[in-house]
Each structure stands twice: as C-alpha cells, then as structure tokens.
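Asker: Would you mind keeping the following structure in view while I ask a few things?
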Amino acid sequence: MSKPPATQYSISLDVTLDNVPGVLGRLCTAIGEAGGNIFAIEGFVAKGKELERDIVVNCSSVEHQAEIVSAVQATEGVTLEQWHDRTFRMHEGGKIEVLSLCPVGDADDLSMAYTPGVARVCKAIAADERLADVYTIRKNTVAIVSDGSAVLGLGNIGPKGAMPVMEGKALLFKEFGGVDAFPICLDVSSPEEIIETVIRLAPTFGGINLEDIAAPGAFQVEEALKAALDIPVFHDDQHGTAVVTLAALENALRITGKKMADLNIVISGVGAAGVAIGKILLGAGASKIVGVDSKGAVYDGREGLNAWKQWFAENTNPDGKQGALSDVMHGADVFIGVSAPDVLTVDDIGNMAADPIVFAMANPDPEIRPELVGDLVAVMGTGRSDYPNQINNVLAFPGIFRGALDAQATDITEGMKLAAAKAIAESVTDDMLSPTNIMPSVFDREVSMAVAKAVAAAAIADGVSRKQIPG
C-alpha cells in the first residue's frame, strides 16, 4: 500500500511561468499526474511576460520528491529556478534558541545583570542553595538527556543523529508547557556514564527528562538518577507513554461500558514503554495483564528475563499464559502495542472479546493498520496523527513537568502520573467523546494546564513538594 502525500515530505518549488493561457493549468496537471498534492500556491496577479511563483507540494517520499521535480522541469512554459525540502529547511540552524529575559541597555543594567551586582545573588544562593530554584533558570529548566541509542523508529543513531528529535522535544516543552528545556545528547558507551554525567550536570536544571535510551539501560539510568537527585527524573518513553495510554483506555471504557478490573489486557512489547504501561494499569485497577515480547508471553519462571521483565512477570499474567501473541489474544478485551509493525492480524482481532479496544502505537507503522480492522473493533487508536485517536506523549510531558516545577517537586510519583492521566481523560467531555475521539487535541493548550494543576496537587498530596501551591 503506497503512502499518501504528507507534509513531512513537502517541497517548495520556485518556478517561473510564461504568462500565456494554459501554463499554470499544465503545471498543476503535471504535479497531480505525478502523484503530488499541491498544498499552497502564492497568490498572484498575472502581469508582464513571466510570473514567478512559489508552490508547495506534499510528496510521499524522498524518491517521490525527485519525481515531482522531474515532472515540473518537463512542463512546457515552466522554468524551475530552485526547490528545497521544507522539513530540512525548518531544521536549518536548529529549532530553538536562547533569549534574554532582561534588558542590558546601559551600565546600570549591566551592573545588576552581571558584575558587580550578580555577586550578591551568588552569595545568597551559596548560603542557601534552595534560592537557586528562585533566582536561576533552575526554576523553569529541564534537561532532555539522550545517548541516541533507541530513537523512535530509527534505533541507535548516536547523539548527533538524535539532536533534531531532542530539539523538537524542547520545542514542545516550551510551546505546550512554557518549560525551558535544552537537549543534552551524550557521547557515552554505558548507562553508568550517563548516570555520572547527569549527576554532574544536575545543578543547572530543575528536572531531567530521559529520552530514547535503549532498554534495559534506560531502567538502570532512571533508577540511579531518581535515587541520587532531589529533582524530578522522568523517562518519557516509559512514563509519558504510560500516562497517555491510561488516559486513552479510561475514555475507551466510557464508550464500551467495560470496567478496568474486569479487563483482559495484552501488551505487545515488554521494553521500557511496555513495563511502564503495565505498572500504571496495575495502579489504575487492572489485574489481568499479559505481556508479549519477541520470544512470546512473559511469565514468572521464563528463563533469561532481565530484572525489569522479571518484575513484570511477577506482577502480571496471573494465569501463567504462554505462547505467541496470537495464542494469548483469544478473549482479550484490550490490545496495547508498543512493539513493531504488522505483528497483529485481522484473525487476532476476530479472536478478541466483544467490543475490543485496540491501541496499535508502534511508530511510524502500527502493529495493525486501522483500515484493516473496519468495524471489528469498538475503539481503535494509534500513535500517528493521520488516524483518529492519536495517543501522543505531547499531551503528558509538558504538563507533568510544568506541574512538577510549579510544585518544586523532588520526584514524579505514581500518584502524579495517575493524576496526569485523569486530567487528560477528563479533557474529553461527554459531548465530545466518540469511538473516533477519545483523546483531546494535542494543540489544545488547556490540556497541559489541566495536567499541570493536577500534577502539582498530587505532588503536595504525595509529600514531594517543597512548597504549597495556592488553590
């Protein structure tokens, strides 16, 4: 199945057209016949012998971009002056920058912002280090830490290869949570090196967001940093995914009428995200969960499990189910996929219980494509924005860190995660809820603020806040 044209492969074409009848029509026809979708054409008035136009065309791949360019170049009366890939152009020079918050227009400003006035603030913080959370960027700054060993959909591409993803994450932190985040991509060879480096960097930041670190090292890194630091440490691949999955499931249950405690749940993928999803679902009242990895069902007694899969085995699969994914799908109410493309079949869906819920969240290609399931499922969700019910971490992490920073939290607890999931789910009101609308829009800024308020309150309730948040 060929992929449809999409914005991520869009190109901008700078063309000159002969100002005679039919040229623009020929150009549009040529682009359409080559499979391109014209996204935008600069408005114009036809004057003079030639027209200069900028045309944006959505393509389906890099190869398709070249086909569109060739089609334009072959069109009579059209000269292609230049073209560029809009996604690469957006990334030129990076996607974030540092801005000053105070003027430095004269000597008086300088004397307060820097020497000699800054010495007074330095001495105050040295005498009481808690003041760093008030008078420095720690108050609102998060480090996005990655070694690039497990970048979503790309694998181990290294720290420099991971930079555009971490910059994008920083952009989302600011856009949706007002949090200043900075990418810290580390050239390391072990989890221990990540741990040591982050501990040394921690005085600069009010929180640590771990990202795209391969399991099981990701578990080791998070556990060690949570123990060593007095600021929130949050592995978004684990806990952000778990939070939005729980929110989606809560709203799917509102549609199906099923109860969390009664569900038979299958999780495909027992890595960082799968383990965290299992843990948060247990905390939300689920009791019958079976995880499946590349070797089959995870159960207590299976040989070769690492420490975190062993924890999962001991706390899930109460009936000790064994076998492949298709074997444990019989009678399942819920499928949650954080694994690989096309591991789920239509027959597997047919073997599920009545009104099944399917969250196929592998990116960029889901465990089963929604168009294959038709009316077989009650609710279908994916991790993609081009299908209904996108289950996306951006609904979680900006608000979670906003609330944690506002509360001056020392940790992010299970209670804070559950509160975040509840706030996301409740952002979809009864009149908005439908089988194709179980999640709020990622562009709804009110969601992050609702999450932040709920997380800050939960931090106080769980005793990890350094201050009381006014109601």
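Ordering of the structure tokens sets the chain letters (A, B, ...); residue numbers start at 1 within each chain; ligands are numbered from 1 in the order shown.
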Which polymer residues have any atom within 9 Å of an atom of stretch 272-288 of chain A, counting only C-alpha atoms, with same-chain residues fewer than 6 positions away left out, as a ChimeraX atom specification?

Answerer: /A:214-216,218-219,235-243,245-246,259-266,308-309,311-312,315-319,336-339,414-415,417-418

Asker: Using the selection just defined, write its residues with N, CA and C atoms as a compact mmCIF listing (two decimals), in the first residue's frame.

Answerer:
```
# COMPACT_ATOMS: atom_id res chain seq x y z
N ALA A 214 18.21 3.11 25.21
CA ALA A 214 17.82 1.72 25.00
C ALA A 214 17.63 0.99 26.32
N ALA A 215 16.61 0.12 26.35
CA ALA A 215 16.41 -0.77 27.48
C ALA A 215 17.38 -1.95 27.34
N PRO A 216 17.82 -2.55 28.47
CA PRO A 216 17.40 -2.25 29.84
C PRO A 216 18.17 -1.11 30.49
N ALA A 218 17.96 1.96 30.10
CA ALA A 218 17.08 3.07 30.47
C ALA A 218 16.53 2.90 31.88
N PHE A 219 16.18 1.67 32.25
CA PHE A 219 15.68 1.42 33.60
C PHE A 219 16.77 1.71 34.63
N HIS A 235 11.51 9.35 32.64
CA HIS A 235 11.83 8.75 31.34
C HIS A 235 10.55 8.76 30.51
N ASP A 236 10.47 9.68 29.58
CA ASP A 236 9.21 9.90 28.86
C ASP A 236 8.80 8.70 28.03
N ASP A 237 9.77 7.99 27.45
CA ASP A 237 9.42 6.81 26.66
C ASP A 237 8.66 5.79 27.50
N GLN A 238 8.98 5.74 28.80
CA GLN A 238 8.24 4.87 29.70
C GLN A 238 6.95 5.55 30.17
N HIS A 239 7.13 6.59 30.95
CA HIS A 239 6.02 7.09 31.75
C HIS A 239 5.09 8.02 30.99
N GLY A 240 5.63 8.79 30.06
CA GLY A 240 4.74 9.61 29.23
C GLY A 240 3.83 8.73 28.40
N THR A 241 4.40 7.66 27.82
CA THR A 241 3.60 6.72 27.06
C THR A 241 2.56 6.05 27.94
N ALA A 242 2.97 5.68 29.16
CA ALA A 242 2.03 5.03 30.07
C ALA A 242 0.87 5.96 30.44
N VAL A 243 1.18 7.21 30.69
CA VAL A 243 0.14 8.17 31.09
C VAL A 243 -0.91 8.34 29.99
N THR A 245 -1.53 6.36 27.50
CA THR A 245 -2.22 5.09 27.26
C THR A 245 -3.35 4.89 28.26
N LEU A 246 -3.07 5.16 29.52
CA LEU A 246 -4.11 5.04 30.54
C LEU A 246 -5.26 6.01 30.27
N LYS A 259 -15.25 -2.40 32.65
CA LYS A 259 -14.59 -1.94 33.86
C LYS A 259 -13.11 -2.36 33.85
N MET A 260 -12.26 -1.48 34.38
CA MET A 260 -10.83 -1.75 34.39
C MET A 260 -10.51 -3.08 35.06
N ALA A 261 -11.15 -3.36 36.18
CA ALA A 261 -10.84 -4.57 36.95
C ALA A 261 -11.20 -5.84 36.20
N ASP A 262 -12.11 -5.74 35.23
CA ASP A 262 -12.57 -6.94 34.53
C ASP A 262 -11.80 -7.21 33.24
N LEU A 263 -10.94 -6.31 32.83
CA LEU A 263 -10.33 -6.39 31.51
C LEU A 263 -9.27 -7.48 31.41
N ASN A 264 -9.26 -8.16 30.29
CA ASN A 264 -8.13 -8.98 29.87
C ASN A 264 -7.31 -8.15 28.89
N ILE A 265 -6.08 -7.80 29.30
CA ILE A 265 -5.26 -6.87 28.54
C ILE A 265 -4.02 -7.58 28.03
N VAL A 266 -3.71 -7.39 26.75
CA VAL A 266 -2.48 -7.90 26.16
C VAL A 266 -1.61 -6.72 25.76
N TRP A 308 13.91 -6.07 35.08
CA TRP A 308 12.67 -5.33 34.92
C TRP A 308 11.58 -6.20 34.29
N LYS A 309 11.96 -7.08 33.36
CA LYS A 309 10.99 -8.04 32.84
C LYS A 309 10.60 -9.05 33.92
N TRP A 311 10.33 -8.33 37.09
CA TRP A 311 9.30 -7.63 37.89
C TRP A 311 7.96 -7.71 37.18
N PHE A 312 7.97 -7.47 35.89
CA PHE A 312 6.73 -7.52 35.10
C PHE A 312 6.11 -8.92 35.19
N ASN A 315 4.36 -9.61 38.48
CA ASN A 315 3.19 -8.79 38.81
C ASN A 315 2.07 -8.85 37.78
N THR A 316 2.26 -9.61 36.70
CA THR A 316 1.24 -9.75 35.67
C THR A 316 1.04 -11.22 35.34
N ASN A 317 0.20 -11.48 34.33
CA ASN A 317 -0.02 -12.85 33.85
C ASN A 317 -0.34 -13.81 34.99
N PRO A 318 -1.41 -13.55 35.74
CA PRO A 318 -1.72 -14.40 36.90
C PRO A 318 -2.01 -15.86 36.54
N ASP A 319 -2.44 -16.11 35.31
CA ASP A 319 -2.74 -17.48 34.89
C ASP A 319 -1.54 -18.19 34.25
N ILE A 336 -2.69 -3.52 23.53
CA ILE A 336 -1.86 -2.32 23.57
C ILE A 336 -0.53 -2.67 22.93
N GLY A 337 -0.21 -2.03 21.83
CA GLY A 337 1.01 -2.32 21.10
C GLY A 337 2.05 -1.24 21.21
N VAL A 338 3.21 -1.58 21.72
CA VAL A 338 4.38 -0.69 21.73
C VAL A 338 5.57 -1.53 21.25
N SER A 339 5.39 -2.12 20.08
CA SER A 339 6.36 -3.12 19.64
C SER A 339 6.84 -2.88 18.22
N GLU A 414 3.98 7.88 41.29
CA GLU A 414 2.91 7.20 40.58
C GLU A 414 1.61 7.98 40.71
N GLY A 415 1.40 8.59 41.88
CA GLY A 415 0.19 9.40 42.07
C GLY A 415 0.13 10.58 41.13
N LYS A 417 1.51 10.66 38.13
CA LYS A 417 1.23 10.11 36.80
C LYS A 417 -0.24 9.77 36.65
N LEU A 418 -0.82 9.16 37.67
CA LEU A 418 -2.25 8.83 37.62
C LEU A 418 -3.08 10.11 37.53
```

Asker: Within 10 Å of A:Val20, counting only C-alpha atoms, which residues qualify if same-chain residues fewer than 2 places away don't, as an MDAnalysis selection string?

Answerer: chainID A and resid 17:18 22:24 46 49:51 77

Asker: Only C-alpha atoms, please: the residues just picked out, written as a CSV table (one decimal), in the first residue's frame.

Answerer:
```
chain,number,residue,atom,x,y,z
A,17,LEU,CA,5.8,30.6,-15.8
A,18,ASP,CA,5.3,32.1,-19.2
A,22,GLY,CA,-2.8,27.1,-20.0
A,23,VAL,CA,0.7,27.2,-18.5
A,24,LEU,CA,-0.4,27.2,-14.8
A,46,ALA,CA,-0.9,38.0,-14.0
A,49,LYS,CA,5.6,38.3,-19.8
A,50,GLU,CA,6.6,35.9,-16.9
A,51,LEU,CA,5.2,35.0,-13.5
A,77,GLY,CA,6.4,27.0,-20.4
```

Asker: Extract, using only C-alpha atoms, all DNA, RNA and protein residues at most 6 Å from stretch 405-410 of chain A, discarding same-chain residues fewer than 4 positions from it, and format them as a ChimeraX atom specification.

Answerer: /A:230-232,401,456,464-466

Asker: I'd like the contact shell of A:Ala248 - 7 Å cut-off, only C-alpha atoms, skipping same-chain residues fewer than 4 positions apart - returned as a list in words.

Answerer: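 What passes the distance filter is Val244, Ala252, Ile391, Ala425, Ile438 and Met439 of chain A.
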
Asker: Which residues are near A:Asn140? Cut-off 9 Å, only C-alpha atoms, ignore same chain within fewer than 2 positions. Put them as a ChimeraX atom specification.

Answerer: /A:133,136-138,142,178-181,205-207,402,405-406

Asker: Using DSSP on the backbone coordinates, identify all residues within stretch 112-317 of chain A classified as alpha helix (DSSP H); present the result as an MDAnalysis selection string.

Answerer: chainID A and resid 112:113 118:127 132:135 158:177 191:201 217:228 236:256 272:283 307:315

Asker: Quick check, in Å to one decimal: how far apart do atom CA of A:Arg89 and atom CA of A:Met163 lie?

Answerer: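 If I compute the distance from atom CA of A:Arg89 to atom CA of A:Met163, I get 15.6 Å.
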
Asker: Leaving out A:Val343 and any residue of its chain fewer than 6 positions from it, which residues lie within 9 Å of it when counting only C-alpha atoms, given as a PyMOL selection string?

Answerer: chain A and resi 268+325+366-368

Asker: Kindly save the residues from that selection, with C-alpha atoms included, as a PDB file, in the first residue's frame.

Answerer:
```pdb
ATOM      1  CA  SER A 268       2.821  -6.330  22.825  1.00  0.00           C
ATOM      2  CA  LEU A 325       0.980 -13.191  20.566  1.00  0.00           C
ATOM      3  CA  PRO A 366       1.450   0.398  13.740  1.00  0.00           C
ATOM      4  CA  GLU A 367       1.042  -3.223  14.780  1.00  0.00           C
ATOM      5  CA  ILE A 368      -2.006  -3.345  12.502  1.00  0.00           C
TER       6      ILE A 368
END
```

Asker: For stretch 84-196 of chain A against stretch 59-71 of chain A, with a cut-off of 12 Å and counting only C-alpha atoms, what is the closest atom pair and its distance in Å to one decimal for every residue that makes the cut, ordered by chain and number, as JSON lines?

Answerer:
```
{"residue": "A:His84", "atom": "CA", "partner": "A:Gln65", "partner_atom": "CA", "distance": 9.7}
{"residue": "A:Asp85", "atom": "CA", "partner": "A:Gln65", "partner_atom": "CA", "distance": 8.4}
{"residue": "A:Arg86", "atom": "CA", "partner": "A:Cys59", "partner_atom": "CA", "distance": 11.0}
{"residue": "A:Thr87", "atom": "CA", "partner": "A:Val62", "partner_atom": "CA", "distance": 11.3}
{"residue": "A:Phe88", "atom": "CA", "partner": "A:Val62", "partner_atom": "CA", "distance": 11.7}
```

Asker: To one decimal place in Å, what is the distance between atom CA of A:Glu129 and atom CA of A:Gly399?

Answerer: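 Those two atoms sit 25.9 Å apart.
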
Asker: With distances taken over only C-alpha atoms, which residue among A:Thr413, A:Gln322, A:Ser190, A:Asn37 lies nearest A:Ser12?

Answerer: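 Comparing A:Thr413, A:Gln322, A:Ser190, A:Asn37 against A:Ser12, the winner is A:Asn37.
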
Asker: Looking at A:Gly93, A:Tyr135, A:Phe176, A:Ala227, which one is nearest to A:Pro164, with distances taken over only C-alpha atoms?

Answerer: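 Of all the options, A:Gly93 lies closest to A:Pro164.
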
Asker: Using Å and a single decimal, report how far atom CA of A:Ile349 sits from atom CA of A:Val377.

Answerer: 7.6 Å

Asker: So which bits of stretch 286-405 of chain A end up strand (DSSP E or B) when you DSSP the backbone, as number ranges by chain?

Answerer: A: 288-293, 296-297, 334-337, 357-360, 379-382, 390

Asker: Put those residues in a file: C-alpha atoms, as a PDB file, in the first residue's frame.

Answerer:
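After the write, selection32.pdb holds the following:
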```
ATOM      1  CA  LYS A 288      -5.286  -9.432  34.178  1.00  0.00           C
ATOM      2  CA  ILE A 289      -2.403  -8.296  32.007  1.00  0.00           C
ATOM      3  CA  VAL A 290      -0.263 -10.464  29.738  1.00  0.00           C
ATOM      4  CA  GLY A 291       2.887  -9.059  28.115  1.00  0.00           C
ATOM      5  CA  VAL A 292       4.400 -10.493  24.954  1.00  0.00           C
ATOM      6  CA  ASP A 293       7.893  -9.872  23.606  1.00  0.00           C
ATOM      7  CA  GLY A 296       6.412 -14.935  23.403  1.00  0.00           C
ATOM      8  CA  ALA A 297       4.405 -14.402  26.556  1.00  0.00           C
ATOM      9  CA  VAL A 334      -7.707  -4.744  25.097  1.00  0.00           C
ATOM     10  CA  PHE A 335      -4.615  -4.862  22.896  1.00  0.00           C
ATOM     11  CA  ILE A 336      -1.857  -2.321  23.568  1.00  0.00           C
ATOM     12  CA  GLY A 337       1.014  -2.324  21.099  1.00  0.00           C
ATOM     13  CA  ILE A 357     -10.190  -1.968  22.199  1.00  0.00           C
ATOM     14  CA  VAL A 358      -7.027  -1.832  20.075  1.00  0.00           C
ATOM     15  CA  PHE A 359      -4.200   0.660  20.608  1.00  0.00           C
ATOM     16  CA  ALA A 360      -1.566  -0.052  17.935  1.00  0.00           C
ATOM     17  CA  VAL A 379     -12.233   1.738  19.616  1.00  0.00           C
ATOM     18  CA  MET A 380      -9.008   1.975  17.603  1.00  0.00           C
ATOM     19  CA  GLY A 381      -6.066   4.205  18.473  1.00  0.00           C
ATOM     20  CA  THR A 382      -2.533   4.661  17.112  1.00  0.00           C
ATOM     21  CA  GLN A 390      -3.688   9.684  18.269  1.00  0.00           C
TER      22      GLN A 390
END
```
